[in-house]
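Notes to accompany the following structure.
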Amino acid sequence: MLNLNKLFFLICVTLISFSNVSSQTKLAHIDTQKLILSMPEMNIVQAELEALMKNYANQYMLMEKAVESKNSQYLNEFETQTKEINKARNEEIRALLMSINEFKKGIQFELGKKERELTEPIKNKVNQAIIKVATAQGFNYVLDSTQGQGVILADGKDLMADVKIELGF
């Protein structure tokens, strides 16, 4: 009986200490993706990415026109050329088409790389501002409430307005 009372007392003390700890923990949330997209710096990033995309599109169109031109020339001269020359020209067209496909794949990779390169400093700036605001307001945890980040409920304090003020917009 004495052991049972000690066990009950120990459980009560543990529950009380857990409730005290949880009542001292402060949670907040912020949609970092929404914040980043609303930042003025993202207009510059978007403009740079669009310029890069236009450049790649122009290069791609020039490559396609070159292939079409060669193909047209080769078709016009097909009857007057030897089988070996026609075969070599056919291989040349295939190689050009393969290089165009590789170029298309590379475009996506390069655009993603450039976007990461341009947004990394913005993300760091946002994270520093979130930490500064959360620390100043006494929050122990800040959850990212961006869609798909695993937060199911975000009823706590939303730091969006305060972090925007900290960032100066």
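In the structure tokens, chains take letters A, B, ... by order of appearance, with residues numbered from 1 within each chain and ligands from 1 in the order shown.
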
Next item on the list: Among the residues of chain A, find those DSSP assigns to alpha helix (DSSP H) from the backbone and print them as a PyMOL selection string.
Entry: chain A and resi 2-24+32-38+41-77+83-136+160-167

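Note that the spacing between CA of Gln149 in chain A and CA of Gln108 in chain A amounts to 24.3 Å.
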
Picked from chain A by DSSP as strand (DSSP E), as a short mmCIF file (atom, residue, chain, number, x, y, z; two decimals) with C-alpha atoms, in the first residue's frame:
```
data_model
loop_
_atom_site.label_atom_id
_atom_site.label_comp_id
_atom_site.auth_asym_id
_atom_site.auth_seq_id
_atom_site.Cartn_x
_atom_site.Cartn_y
_atom_site.Cartn_z
CA LEU A 27 4.04 28.53 -29.95
CA ALA A 28 3.64 30.72 -33.01
CA HIS A 29 3.36 30.06 -36.73
CA ILE A 30 4.17 31.77 -39.99
CA TYR A 141 8.71 27.43 -31.10
CA VAL A 142 7.70 28.81 -34.48
CA LEU A 143 6.05 26.42 -36.89
CA ASP A 144 6.09 26.89 -40.66
CA LYS A 157 0.03 33.74 -33.03
CA ASP A 158 0.81 34.42 -36.71
#
```

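Here CA of Val126 in chain A and CA of Ile36 in chain A stand 7.3 Å from one another.
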
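For the atom pair formed by CA of Asn140 in chain A and CA of Thr25 in chain A, the distance is 6.0 Å, given to one decimal.
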
Margin query: Please list as a PyMOL selection string every residue within 8 Å of range 38-47 of chain A, counting only C-alpha atoms and excluding residues in the same chain fewer than 4 positions away.
Written below: chain A and resi 34+51+115+118-119+122+169

Requested write-out: N, CA and C atoms of the selected residues, as a PDB file, in the first residue's frame:
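Result went into again_17.pdb, see below:
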```
ATOM      1  N   LYS A  34       4.579  32.209 -48.221  1.00  0.00           N
ATOM      2  CA  LYS A  34       3.778  33.405 -48.509  1.00  0.00           C
ATOM      3  C   LYS A  34       4.591  34.671 -48.216  1.00  0.00           C
ATOM      4  N   ALA A  51      14.396  36.898 -67.535  1.00  0.00           N
ATOM      5  CA  ALA A  51      15.421  37.268 -68.523  1.00  0.00           C
ATOM      6  C   ALA A  51      16.234  36.044 -68.931  1.00  0.00           C
ATOM      7  N   GLU A 115      17.459  29.855 -59.457  1.00  0.00           N
ATOM      8  CA  GLU A 115      16.422  30.258 -58.505  1.00  0.00           C
ATOM      9  C   GLU A 115      16.884  30.004 -57.067  1.00  0.00           C
ATOM     10  N   LEU A 118      19.484  32.612 -56.128  1.00  0.00           N
ATOM     11  CA  LEU A 118      18.935  33.950 -55.899  1.00  0.00           C
ATOM     12  C   LEU A 118      18.064  34.029 -54.644  1.00  0.00           C
ATOM     13  N   THR A 119      17.384  32.957 -54.304  1.00  0.00           N
ATOM     14  CA  THR A 119      16.465  33.001 -53.159  1.00  0.00           C
ATOM     15  C   THR A 119      17.119  32.631 -51.837  1.00  0.00           C
ATOM     16  N   ILE A 122      17.547  35.536 -49.514  1.00  0.00           N
ATOM     17  CA  ILE A 122      16.228  36.006 -49.058  1.00  0.00           C
ATOM     18  C   ILE A 122      15.714  35.089 -47.958  1.00  0.00           C
ATOM     19  N   PHE A 169       8.865  46.148 -44.675  1.00  0.00           N
ATOM     20  CA  PHE A 169       7.811  46.341 -45.683  1.00  0.00           C
ATOM     21  C   PHE A 169       6.466  45.946 -45.143  1.00  0.00           C
TER      22      PHE A 169
END
```

How close does range 72-127 of chain A get to range 59-62 of chain A? List, as a Markdown table, each residue of range 72-127 of chain A within 9 Å, its nearest atom pair and the distance in Å to one decimal, counting only C-alpha atoms.
```
| residue | atom | partner | partner_atom | distance |
| --- | --- | --- | --- | --- |
| A:Ile100 | CA | A:Tyr60 | CA | 7.2 |
| A:Phe103 | CA | A:Tyr60 | CA | 7.7 |
| A:Lys104 | CA | A:Tyr60 | CA | 7.8 |
```
